[in-house]
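The file my_file09.txt contains compact mmCIF, C-alpha atoms:
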# COMPACT_ATOMS: atom_id res chain seq x y z
CA MET A 23 -97.77 -216.24 -4.33
CA SER A 24 -98.16 -219.81 -5.57
CA TRP A 25 -98.83 -223.21 -4.05
CA PHE A 26 -97.96 -226.89 -4.40
CA LEU A 27 -99.27 -230.09 -2.80
CA ASN A 28 -96.74 -232.17 -0.92
CA PHE A 29 -96.98 -235.93 -0.65
CA ALA A 30 -98.97 -235.66 2.57
CA GLY A 31 -101.66 -233.72 0.71
CA LYS A 32 -100.89 -230.45 2.48
CA ILE A 33 -100.91 -227.30 0.34
CA THR A 34 -97.60 -225.45 0.60
CA LYS A 35 -96.79 -222.04 -0.86
CA THR A 36 -93.74 -221.02 -2.86
CA ASP A 37 -92.45 -217.50 -3.27
CA ASP A 38 -89.63 -217.29 -5.79
CA TRP A 39 -91.04 -215.28 -8.68
CA ASP A 40 -88.94 -213.43 -11.22
CA PHE A 41 -89.25 -212.11 -14.75
CA TYR A 42 -87.28 -211.96 -17.97
CA PHE A 43 -87.69 -210.56 -21.47
CA LEU A 44 -87.57 -212.37 -24.80
CA ARG A 45 -89.09 -212.20 -28.27
CA LEU A 46 -92.13 -214.28 -29.26
CA ASP A 47 -93.19 -214.27 -32.91
CA ASP A 48 -90.78 -211.37 -33.35
CA LYS A 49 -92.59 -209.32 -30.68
CA LEU A 50 -91.22 -208.21 -27.32
CA ALA A 51 -92.53 -210.34 -24.46
CA SER A 52 -92.17 -210.51 -20.70
CA ILE A 53 -92.53 -213.77 -18.76
CA PHE A 54 -93.15 -213.68 -15.02
CA VAL A 55 -92.65 -217.18 -13.62
CA ASP A 56 -92.58 -219.06 -10.34
CA MET A 57 -88.95 -220.24 -10.24
CA GLY A 58 -89.56 -222.16 -7.03
CA ARG A 59 -92.06 -224.42 -8.75
CA LYS A 60 -89.37 -226.27 -10.73
CA ALA A 61 -88.44 -228.53 -7.81
CA HIS A 62 -92.08 -229.57 -7.37
CA ALA A 63 -93.25 -229.98 -10.95
CA PRO A 64 -95.42 -231.63 -12.01
CA VAL A 65 -97.89 -231.62 -9.12
CA PRO A 66 -99.81 -234.93 -9.08
CA GLY A 67 -103.42 -234.55 -10.14
CA PHE A 68 -102.98 -231.11 -11.69
CA SER A 69 -102.46 -232.16 -15.29
CA LEU A 70 -104.75 -229.74 -17.11
CA LEU A 71 -103.05 -226.63 -18.51
CA CYS A 72 -105.51 -223.74 -18.27
CA THR A 73 -104.78 -220.31 -19.69
CA LEU A 74 -106.70 -217.07 -19.24
CA HIS A 75 -106.06 -214.81 -22.26
CA LEU A 76 -106.73 -211.20 -21.24
CA THR A 77 -106.75 -208.29 -23.70
CA MET A 78 -105.14 -205.26 -22.11
CA GLN A 79 -106.90 -201.91 -22.53
CA ASN A 80 -103.94 -199.55 -22.45
CA PRO A 81 -100.75 -201.38 -23.49
CA ARG A 82 -97.50 -199.67 -24.36
CA ALA A 83 -96.53 -199.16 -27.99
CA ASP A 84 -94.28 -202.24 -27.78
CA GLY A 85 -97.18 -204.42 -26.59
CA LEU A 86 -96.15 -204.69 -22.93
CA SER A 87 -98.20 -203.41 -20.00
CA SER A 88 -98.21 -199.70 -19.25
CA GLN A 89 -97.81 -197.92 -15.95
CA ASP A 90 -101.34 -196.55 -16.35
CA GLU A 91 -102.80 -200.08 -16.30
CA TYR A 92 -100.35 -201.53 -13.75
CA GLU A 93 -102.57 -201.37 -10.67
CA THR A 94 -105.63 -202.76 -12.47
CA LEU A 95 -103.68 -205.71 -13.89
CA ASN A 96 -102.27 -206.47 -10.45
CA HIS A 97 -105.77 -206.32 -9.00
CA ILE A 98 -107.00 -208.76 -11.64
CA GLU A 99 -104.14 -211.15 -10.85
CA ASP A 100 -104.77 -211.00 -7.09
CA THR A 101 -108.50 -211.53 -7.59
CA LEU A 102 -107.92 -214.54 -9.84
CA GLU A 103 -105.56 -216.18 -7.35
CA LYS A 104 -107.95 -215.58 -4.47
CA GLN A 105 -110.99 -216.87 -6.36
CA ILE A 106 -109.23 -219.93 -7.82
CA GLY A 107 -107.53 -220.85 -4.55
CA ASN A 108 -106.34 -224.46 -4.44
CA LYS A 109 -108.39 -225.48 -7.50
CA ALA A 110 -105.32 -224.77 -9.66
CA VAL A 111 -101.62 -224.00 -9.42
CA TYR A 112 -100.58 -220.61 -10.76
CA VAL A 113 -97.19 -220.94 -12.49
CA GLY A 114 -96.69 -217.78 -14.52
CA ARG A 115 -97.90 -215.15 -16.93
CA ILE A 116 -96.91 -213.97 -20.40
CA THR A 117 -97.29 -210.35 -21.50
CA THR A 118 -96.91 -209.56 -25.19
CA ASP A 119 -98.67 -207.96 -28.16
CA GLY A 120 -101.26 -206.16 -26.04
CA ARG A 121 -102.41 -209.20 -24.07
CA ARG A 122 -101.61 -210.94 -20.81
CA ASP A 123 -101.90 -214.72 -20.47
CA PHE A 124 -102.22 -216.19 -16.96
CA VAL A 125 -101.07 -219.82 -16.86
CA PHE A 126 -102.40 -222.39 -14.38
CA TYR A 127 -102.46 -226.14 -13.91
CA ALA A 128 -105.85 -227.40 -12.73
CA LYS A 129 -107.60 -230.62 -11.77
CA ASP A 130 -110.68 -229.99 -13.88
CA PHE A 131 -111.71 -227.28 -16.31
CA ALA A 132 -115.29 -226.74 -15.11
CA SER A 133 -114.39 -225.58 -11.62
CA PHE A 134 -111.45 -223.55 -12.91
CA SER A 135 -113.55 -221.77 -15.54
CA LYS A 136 -116.29 -221.08 -13.00
CA SER A 137 -113.77 -219.46 -10.66
CA VAL A 138 -112.30 -217.34 -13.46
CA ASN A 139 -115.72 -216.09 -14.52
CA ALA A 140 -116.55 -215.20 -10.93
CA ALA A 141 -113.29 -213.28 -10.57
CA MET A 142 -113.70 -211.41 -13.84
CA LYS A 143 -117.15 -210.09 -12.93
CA ALA A 144 -115.37 -207.26 -11.15
CA PHE A 145 -113.63 -206.34 -14.41
CA ALA A 146 -116.52 -206.38 -16.83
CA THR A 147 -114.84 -204.04 -19.35
CA TYR A 148 -112.05 -206.55 -20.02
CA ALA A 149 -112.30 -209.06 -22.85
CA TYR A 150 -110.95 -212.51 -22.01
CA GLU A 151 -111.14 -216.16 -22.93
CA VAL A 152 -110.14 -219.37 -21.17
CA ASN A 153 -108.45 -222.29 -22.92
CA ARG A 154 -107.29 -225.70 -21.80
CA ARG A 155 -105.14 -228.62 -22.90
CA HIS A 156 -103.69 -231.70 -21.24
CA ASP A 157 -100.08 -231.33 -20.10
CA LYS A 158 -99.43 -234.09 -17.57
CA LYS A 159 -95.66 -233.55 -17.66
CA TRP A 160 -95.98 -229.75 -17.28
CA SER A 161 -93.93 -229.27 -20.43
CA ILE A 162 -95.26 -225.74 -20.99
CA TYR A 163 -94.01 -224.69 -17.58
CA LYS A 164 -90.68 -226.53 -17.73
CA ASP A 165 -89.79 -226.04 -21.39
CA PHE A 166 -91.40 -222.68 -22.19
CA LEU A 167 -92.12 -220.54 -19.12
CA TYR A 168 -89.06 -221.58 -17.14
CA PRO A 169 -86.10 -219.52 -18.39
CA SER A 170 -83.19 -220.89 -20.39
CA ARG A 171 -79.71 -220.90 -18.91
CA ASN A 172 -78.89 -217.56 -20.56
CA ASN A 173 -82.14 -216.02 -19.38
CA ARG A 174 -81.57 -217.31 -15.84
CA GLN A 175 -78.14 -215.72 -15.89
CA GLY A 176 -79.67 -212.49 -17.13
CA MET A 177 -82.03 -212.54 -14.15
CA MET A 178 -79.11 -213.06 -11.77
CA ASN A 179 -77.19 -210.26 -13.51
CA ARG A 180 -80.10 -207.93 -12.97
CA ARG A 181 -80.17 -208.73 -9.25
CA VAL A 182 -76.45 -208.00 -8.87
CA LEU A 183 -76.77 -204.74 -10.82
CA GLU A 184 -79.70 -203.66 -8.66
CA SER A 185 -77.65 -204.43 -5.54
CA LEU A 186 -74.74 -202.37 -6.85
CA GLU A 187 -77.04 -199.45 -7.62
CA THR A 188 -78.45 -199.48 -4.10
CA HIS A 189 -74.89 -198.85 -2.92
CA GLY A 190 -74.48 -195.88 -5.24
CA ASP A 191 -72.51 -197.67 -7.97
CA ASP A 192 -72.06 -196.03 -11.37
CA LEU A 193 -72.62 -199.02 -13.65
CA THR A 194 -71.06 -197.24 -16.63
CA ILE A 195 -67.56 -197.16 -15.10
CA PRO A 196 -65.26 -199.99 -16.30
CA ARG A 197 -63.57 -202.04 -13.60
CA LYS A 198 -62.29 -205.56 -12.94
CA LEU A 199 -65.12 -208.10 -12.88
CA ASP A 200 -64.39 -211.38 -11.10
CA HIS A 201 -65.88 -214.68 -12.28
CA ARG A 202 -65.80 -218.32 -11.19
CA ALA A 203 -66.63 -221.52 -13.08
CA TYR A 204 -66.74 -225.18 -12.01
CA PHE A 205 -65.92 -228.23 -14.12
CA GLU A 206 -66.40 -231.97 -13.99
CA THR A 207 -62.86 -232.96 -15.00
CA PRO A 208 -59.39 -231.40 -15.02
CA THR A 209 -59.31 -231.83 -18.79
CA ASP A 210 -62.43 -229.69 -19.20
CA ALA A 211 -61.07 -227.08 -16.78
CA GLU A 212 -57.75 -226.82 -18.59
CA ALA A 213 -59.43 -226.52 -21.99
CA PHE A 214 -61.71 -223.78 -20.67
CA ALA A 215 -58.73 -221.91 -19.19
CA THR A 216 -57.08 -221.87 -22.60
CA GLY A 217 -60.26 -220.62 -24.27
CA ILE A 218 -61.07 -217.96 -21.70
CA LYS A 219 -57.57 -216.50 -21.89
CA ALA A 220 -58.01 -216.20 -25.65
CA LEU A 221 -61.03 -213.97 -24.94
CA GLY A 222 -58.88 -211.57 -22.92
CA PHE A 223 -59.58 -212.88 -19.44
CA ALA A 224 -56.84 -213.45 -16.88
CA ILE A 225 -56.75 -216.54 -14.67
CA GLU A 226 -56.52 -215.49 -11.02
CA THR A 227 -56.73 -218.81 -9.16
CA SER A 228 -57.42 -222.34 -10.29
CA ASN A 229 -57.76 -225.77 -8.80
CA HIS A 230 -58.04 -228.46 -11.41
CA ARG A 231 -55.55 -231.04 -10.26
CA GLN A 232 -56.45 -234.71 -10.45
CA GLY A 233 -58.19 -235.87 -7.29
CA GLU A 234 -59.24 -232.47 -6.00
CA ALA A 235 -62.81 -232.31 -4.72
CA ALA A 236 -63.51 -228.88 -6.23
CA ILE A 237 -62.48 -228.22 -9.81
CA TYR A 238 -62.81 -224.50 -10.38
CA ILE A 239 -61.26 -221.53 -12.13
CA ASP A 240 -61.41 -217.91 -10.99
CA PHE A 241 -60.88 -215.45 -13.82
CA CYS A 242 -61.30 -211.73 -14.43
CA ARG A 243 -61.34 -209.01 -17.06
CA PRO A 244 -61.94 -205.25 -17.09
CA ASP A 245 -65.52 -204.71 -18.28
CA VAL A 246 -68.46 -202.36 -17.85
CA PRO A 247 -71.12 -203.74 -15.46
CA GLU A 248 -73.83 -202.13 -17.56
CA HIS A 249 -72.87 -204.55 -20.37
CA ILE A 250 -72.68 -207.65 -18.18
CA ASN A 251 -75.25 -209.61 -20.19
CA ASP A 252 -72.95 -209.54 -23.21
CA VAL A 253 -70.03 -210.60 -21.02
CA THR A 254 -71.79 -213.55 -19.41
CA ALA A 255 -73.23 -214.69 -22.76
CA GLU A 256 -69.66 -214.94 -24.04
CA ILE A 257 -68.59 -216.90 -20.96
CA LEU A 258 -71.59 -219.26 -21.01
CA SER A 259 -70.99 -220.17 -24.64
CA LEU A 260 -67.48 -221.32 -23.82
CA ILE A 261 -68.46 -223.05 -20.58
CA ALA A 262 -71.12 -225.09 -22.37
CA VAL A 263 -68.48 -226.55 -24.69
CA HIS A 264 -66.44 -227.77 -21.71
CA ASN A 265 -69.25 -229.16 -19.50
CA GLY A 266 -68.84 -226.43 -16.93
CA GLU A 267 -71.09 -224.52 -14.56
CA TYR A 268 -70.89 -220.75 -14.21
CA ASP A 269 -70.93 -219.62 -10.58
CA GLY A 270 -71.48 -215.91 -11.21
CA TRP A 271 -69.58 -212.66 -11.03
CA GLY A 272 -68.82 -209.82 -8.69
CA CYS A 273 -66.96 -206.51 -8.44
CA GLU A 274 -66.22 -203.65 -6.11
CA VAL A 275 -68.67 -200.78 -5.83
CA THR A 276 -67.38 -197.89 -7.94
CA LYS A 277 -68.92 -194.44 -7.61
CA ALA A 278 -68.62 -191.50 -9.99
Since I need it in another form, could you write the structure as structure tokens?
Amino acid sequence: MSWFLNFAGKITKTDDWDFYFLRLDDKLASIFVDMGRKAHAPVPGFSLLCTLHLTMQNPRADGLSSQDEYETLNHIEDTLEKQIGNKAVYVGRITTDGRRDFVFYAKDFASFSKSVNAAMKAFATYAYEVNRRHDKKWSIYKDFLYPSRNNRQGMMNRRVLESLETHGDDLTIPRKLDHRAYFETPTDAEAFATGIKALGFAIETSNHRQGEAAIYIDFCRPDVPEHINDVTAEILSLIAVHNGEYDGWGCEVTKA
């Protein structure tokens, strides 16, 4: 759970956390970030970026957290949030190379550091350090922690796949996947239609006539849901060229 201050000075919580994977310094990394924070960043007065660098005790071989340490790491996170309270805004964490970095934005370092030290007394066997730097514009949150367009799409893909699985879907079975994209101008829409057909997609419905309020194209192609990240990466690359916005994909549940 995370918090932001509204203009009336009232502390309000946000609850839109999600994670994604990437590579940092050629090492596998996981970023867990408050997606709901984007609309409220930066928070006035919280301009000091404070990071708690924690050395994990039982990481996986690839440097990420292990199941054996899962509960302890969660307990540490909960204790930190409770101890720090409204002294800082918790925006995300980075797990890589055997360490976990908790990222906050604080008003002042002294009170933040004091709260961290108090929280970590319950975990005396863990090595940690606290760093700080000024980041008035919250560039670390907005430009580093917050996922790129492709990573955001990957997160949405994962949610759809999880939903399909809950309905008994066999994600390895090829079937027609339906997609929709929006465009700013009919010219962009028509150019995209030409390009997407060259990639083997079929246009199902389109509305890109001059003067129409919604300029969109519905298109489809037989694909394997399990490989959806490769499919959407291909689509996003073409959409970017034509100033479009990808609206997502869907398919029927298919069971073995």
Dump as a VMD selection string all residues having an atom at most 12 Å from (-77.0, -212.8, -13.6), computed in the file's coordinates with only C-alpha atoms. chain A and resid 42 171 to 185 201 247 to 255 257 to 258 268 to 272
Quote the spacing between CA of Asp240 (chain A) and CA of Lys277 (chain A) in Å to one decimal place.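 Distance between the two atoms: 24.9 Å.
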Sort by chain and increasing residue number a table of all residues of region 133-232 of chain A within 9 Å of region 74-94 of chain A, each with its closest pair of atoms and their distance in Å to one decimal, counting only C-alpha atoms, and write it as JSON lines.
{"residue": "A:Val138", "atom": "CA", "partner": "A:Leu74", "partner_atom": "CA", "distance": 8.1}
{"residue": "A:Phe145", "atom": "CA", "partner": "A:Thr94", "partner_atom": "CA", "distance": 9.0}
{"residue": "A:Thr147", "atom": "CA", "partner": "A:Gln79", "partner_atom": "CA", "distance": 8.8}
{"residue": "A:Tyr148", "atom": "CA", "partner": "A:Thr77", "partner_atom": "CA", "distance": 6.7}
{"residue": "A:Ala149", "atom": "CA", "partner": "A:Thr77", "partner_atom": "CA", "distance": 5.7}
{"residue": "A:Tyr150", "atom": "CA", "partner": "A:Leu76", "partner_atom": "CA", "distance": 4.5}
{"residue": "A:Glu151", "atom": "CA", "partner": "A:His75", "partner_atom": "CA", "distance": 5.3}
{"residue": "A:Val152", "atom": "CA", "partner": "A:Leu74", "partner_atom": "CA", "distance": 4.6}
{"residue": "A:Asn153", "atom": "CA", "partner": "A:Leu74", "partner_atom": "CA", "distance": 6.6}
I'd like the interatomic distance between CA of Thr118 (chain A) and CA of Lys49 (chain A), to a tenth of an Å. 7.0 Å
Could you tell me which of A:Ala278, A:Ile162, A:Pro169, A:Tyr127 comes closest to Pro66 (chain A) if we count all atoms listed in the file?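 Of A:Ala278, A:Ile162, A:Pro169, A:Tyr127, the one nearest Pro66 (chain A), counting all atoms listed in the file, is A:Tyr127.
For the pair CA of Lys219 (chain A) and CA of Phe205 (chain A), the separation is 16.4 Å.
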